[in-house]
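Peer 1: Structure in C-alpha cells, see below.
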Amino acid sequence: MARIAHLSDVHFGKIAHPGIVDAILGDVNGEAFDLVVVSGDLTQRARRHEFTQARAMLDRFQAPVLVVPGNHDVRAWWHDPFDRVFRSARRFQTYIEPNLTPTFTAPGLAVFGLNSAHGLTIKGGKIRPRHLDAMRDYFAVQPPDVFRVLVLHHHLTRIDALGGHDIARGAREALVAAEEARVDLILCGHLHRSHVAHVELAPKVAGEPGHRLVVASAGTATSSRGRAENKATNFYNWITADEEAFRVDERRFDPDAGGFATERTTAFDRT
C-alpha cells in the first residue's frame with residue numbers, strides 16, 4: 001500500500017488562520033505517509049521571508065517531501081524583468097528544491113514532479129518538451145504494476161465542473177505523454193478549489209479501450225484565497241493506493257474545531 005499527502009497553494013504571505021499551519025502538520029504527521037507532495041505556490045510573492053517560512057514548514061513533515069513550483073513562486077515582472085525571464089525560479093531553487101523535475105520512488109510507488117511555472121508565462125503555465133522527455137525516461141524504467149503519479153501546479157485539461165479555467169501551454173502533449181507512461185493520477189492545484197475527477201482519453205486504435213487518468217485538484221491548503229464554493233475554506237488530500245484500487249480523501253479545515261476532517265472520498269479501480 002502507498003500513501004501520499006497532497007498539499008497545494010500554501011501561499012505564505014496570505015495564511016488564513018492562526019494555527020492552520022500547525023494543524024495541517026499535525027494532521028499529516030499523525031498518519032503514516034510514504035510521501036508529502038506540494039504542488040506549487042508555497043509563497044504569495046516569491047519573497048525571501050515567505051520562502052523561509054515555507055522551508056520551515058516543509059522541514060517539519062516527518063515523511064519525505066516532493067515539491068514543484070507554482071506561478072506565485074517565480075519572480076514577478078515588476079520586481080525584476082531580467083530575473084523573471086532568465087532566473088525566475090532561482091529563489092525557489094535556493095530555498096525549496098534545486099531540481100525542478102524531482103522524483104520519488106518506493107516499492108509500489110513512482111512519482112514525477114513536472115515544472116509548469118516559468119518566467120515567460122503569467123499564470124497559465126507552460127510545459128517544456130525536455131521536461132516531458134525526463135518524465136518519459138523516468139516512468140519507462142519503473143515496474144509495470146507500480147502506482148504512477150504525476151505532480152504539477154497547473155492543469156493539463158479542463159474540468160467541466162470547475163467552469164472556464166487556465167490550462168498549461170503544451171498541455172495536450174503532456175497528456176499524451178502521461179497516457180503513454182500509464183500515469184494513474186495527476187496531482188495539481190492552482191485553482192484553489194478542491195475537486196477530484198477522471199478523464200477518459202480516446203483510444204489510439206478504434207475499438208480498444210482508452211486510458212483513464214484521475215485528476216486531483218487540491219484546494220488551497222492554508223491560505224485565505226479559496227475560490228468559488230471553496231471561498232474561505234481550506235483543503236488538502238490524502239491518497240491511498242494498493243494493487244487494485246486507490247482513493248482520494250479531501251480533507252477540509254474546520255476553524256471552530258481547529259483541525260482537518262474528511263469531507264469527501266472518491267475511489268477508483270486501477271486500470
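For the C-alpha cells, the naming scheme is as follows: chains receive sequential letters (A, B, ...) according to their order of presentation, residues are indexed from 1 within each chain, and ligands are indexed from 1 in presentation order.
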Would you write out, as a tab-separated table, a table of all residues in stretch 226-254 of chain A that have an atom no more than 10 Å from an atom of stretch 141-146 of chain A, listing for each the closest atom pair and the distance in Å to one decimal, considering only C-alpha atoms and ordering rows by chain and rising residue number?

Peer 2:
```
residue	atom	partner	partner_atom	distance
A:Asp242	CA	A:Val146	CA	9.3
A:Glu243	CA	A:Asp145	CA	7.4
A:Glu244	CA	A:Asp145	CA	9.7
```

Peer 1: So that I can check the surroundings of A:Thr103, please list as a PyMOL selection string every protein, DNA and RNA residue that reaches within 10 Å of it, counting only C-alpha atoms and ignoring chain neighbours fewer than 4 positions away.

Peer 2: chain A and resi 66-67+99+110-114+135+138+149-151

Peer 1: Let me see the file: selected residues, C-alpha atoms, as an mmCIF file, in the first residue's frame.

Peer 2:
```
data_model
loop_
_atom_site.group_PDB
_atom_site.id
_atom_site.type_symbol
_atom_site.label_atom_id
_atom_site.label_comp_id
_atom_site.auth_asym_id
_atom_site.auth_seq_id
_atom_site.Cartn_x
_atom_site.Cartn_y
_atom_site.Cartn_z
ATOM 1 C CA LEU A 66 8.385 16.349 -3.136
ATOM 2 C CA VAL A 67 7.716 19.942 -4.232
ATOM 3 C CA ASN A 99 15.681 20.141 -9.023
ATOM 4 C CA ALA A 110 6.673 6.167 -8.625
ATOM 5 C CA VAL A 111 6.161 9.955 -8.530
ATOM 6 C CA PHE A 112 7.431 12.532 -11.029
ATOM 7 C CA GLY A 113 7.310 16.302 -10.486
ATOM 8 C CA LEU A 114 6.778 18.382 -13.635
ATOM 9 C CA MET A 135 9.148 12.189 -17.399
ATOM 10 C CA TYR A 138 11.652 8.105 -15.537
ATOM 11 C CA VAL A 149 1.716 9.753 -10.045
ATOM 12 C CA LEU A 150 2.429 12.978 -11.938
ATOM 13 C CA VAL A 151 2.678 16.231 -9.957
#
```

Peer 1: Could you name the residues that touch stretch 222-224 of chain A at 9 Å or less, counting only C-alpha atoms, but leaving out those on the same chain fewer than 2 positions away, as a list of chain:residue names?

Peer 2: A:Leu7, A:Ser8, A:Asp9, A:Val10, A:His11, A:Phe12, A:Gly13, A:Lys14, A:Ile15, A:Ala16, A:His17, A:Ile20, A:Val21, A:Ile24, A:Thr220, A:Gly226, A:Lys231, A:Ala232, A:Thr233, A:Asn234, A:Phe235, A:Tyr236, A:Phe253

Peer 1: Can I get the selected residues back with C-alpha atoms, as a compact mmCIF listing (two decimals), in the first residue's frame?

Peer 2:
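Listing of result.txt after writing:
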```txt
# COMPACT_ATOMS: atom_id res chain seq x y z
CA LEU A 7 -0.99 19.95 -0.41
CA SER A 8 -1.12 22.87 -2.80
CA ASP A 9 -1.30 26.66 -2.80
CA VAL A 10 0.03 27.16 0.71
CA HIS A 11 0.70 30.86 0.00
CA PHE A 12 2.85 32.03 2.88
CA GLY A 13 2.07 35.74 2.99
CA LYS A 14 -1.70 35.05 2.91
CA ILE A 15 -2.14 32.47 5.68
CA ALA A 16 -5.84 32.08 6.55
CA HIS A 17 -5.99 31.28 10.27
CA ILE A 20 -3.66 26.36 10.49
CA VAL A 21 -0.05 25.51 9.57
CA ILE A 24 -2.03 20.58 8.85
CA THR A 220 -5.61 25.99 -1.00
CA GLY A 226 -10.12 29.96 -1.54
CA LYS A 231 -14.12 30.55 -0.66
CA ALA A 232 -12.73 30.99 2.86
CA THR A 233 -12.19 27.22 3.02
CA ASN A 234 -9.00 25.15 3.14
CA PHE A 235 -8.46 21.66 1.74
CA TYR A 236 -5.76 19.13 1.13
CA PHE A 253 -10.28 22.60 7.74
```

Peer 1: Please provide the set of residues having any atom within 9 Å of stretch 41-55 of chain A, restricted to only C-alpha atoms, with same-chain residues fewer than 4 positions apart removed, written as a list in words.

Peer 2: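 What passes the distance filter is Ser8, Asp9, Val10, His11, Phe12, Gly13, Lys14, Asp59, Arg60, Val68, Pro69, Gly70, Asn71, His72, Asp73, Val74, Arg75, Ala76, Arg91, Phe92, Tyr95, Ile96, His153, Gly189 and His190 of chain A.
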
Peer 1: If you run DSSP on the backbone, which residues of stretch 8-235 of chain A are helix (DSSP H, G or I), as a ChimeraX atom specification?

Peer 2: /A:20-29,48-59,71-73,81-86,90-95,129-140,160-162,171-180,228-230

Peer 1: Which residues are close to A:Arg128, i.e. within 9 Å by only C-alpha atoms, leaving aside same-chain residues fewer than 3 positions away? Reply as a PyMOL selection string.

Peer 2: chain A and resi 115-116+131-133+169-170

Peer 1: For the strand (DSSP E) assignment from backbone DSSP, which residues of stretch 27-266 of chain A qualify? Please present them as a PyMOL selection string.

Peer 2: chain A and resi 35-39+65-68+103-106+109-113+147-151+185-188+195-200+212-217+235-241+245-254+259-266

Peer 1: My list of candidates is A:Val28, A:Val176, A:Leu109, A:Ala221. Which is closest to A:Ala2 when distances are computed with only C-alpha atoms?

Peer 2: A:Leu109

Peer 1: Closest to A:Arg182 among A:Asn230, A:Gly219, A:Glu263, A:Val214, using only C-alpha atoms?

Peer 2: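 Smallest separation from A:Arg182 among the options: A:Val214.
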
Peer 1: Between A:Glu250, A:Ala216, A:Arg148, A:Leu187, single out the one closest to A:Arg270, counting only C-alpha atoms.

Peer 2: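 Among A:Glu250, A:Ala216, A:Arg148, A:Leu187, it is A:Arg148 that comes nearest to A:Arg270.
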
Peer 1: Which residues come within 8 Å of A:His6, counting only C-alpha atoms, excluding same-chain residues fewer than 3 positions away, as a VMD selection string?

Peer 2: chain A and resid 36 to 39 187 218 236 to 239

Peer 1: Which one is closest to A:Thr240: A:Phe139, A:Phe260, A:Phe33, A:Phe61? Count only C-alpha atoms.

Peer 2: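 So, comparing all the options, the nearest one is A:Phe33.
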
Peer 1: Tell me which protein, DNA and RNA residues are within 8 Å of A:Phe268, counting only C-alpha atoms, leaving out same-chain ones fewer than 6 positions away, and put them as number ranges by chain.

Peer 2: A: 245-247

Peer 1: Restricting the output to C-alpha atoms, write the selected residues as an mmCIF file, in the first residue's frame.

Peer 2:
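What follows is the written file out35.cif:
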```
data_model
loop_
_atom_site.group_PDB
_atom_site.id
_atom_site.type_symbol
_atom_site.label_atom_id
_atom_site.label_comp_id
_atom_site.auth_asym_id
_atom_site.auth_seq_id
_atom_site.Cartn_x
_atom_site.Cartn_y
_atom_site.Cartn_z
ATOM 1 C CA ALA A 245 -7.610 0.454 -6.456
ATOM 2 C CA PHE A 246 -6.923 3.874 -4.978
ATOM 3 C CA ARG A 247 -8.893 6.573 -3.244
#
```

Peer 1: Let me make sure I understand: among A:Met1, A:Ala257, A:Val248, A:Leu152, which one has the smallest atom-to-atom distance to A:Pro107 if we use only C-alpha atoms?

Peer 2: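 Using only C-alpha atoms, A:Pro107 sits closest to A:Met1.
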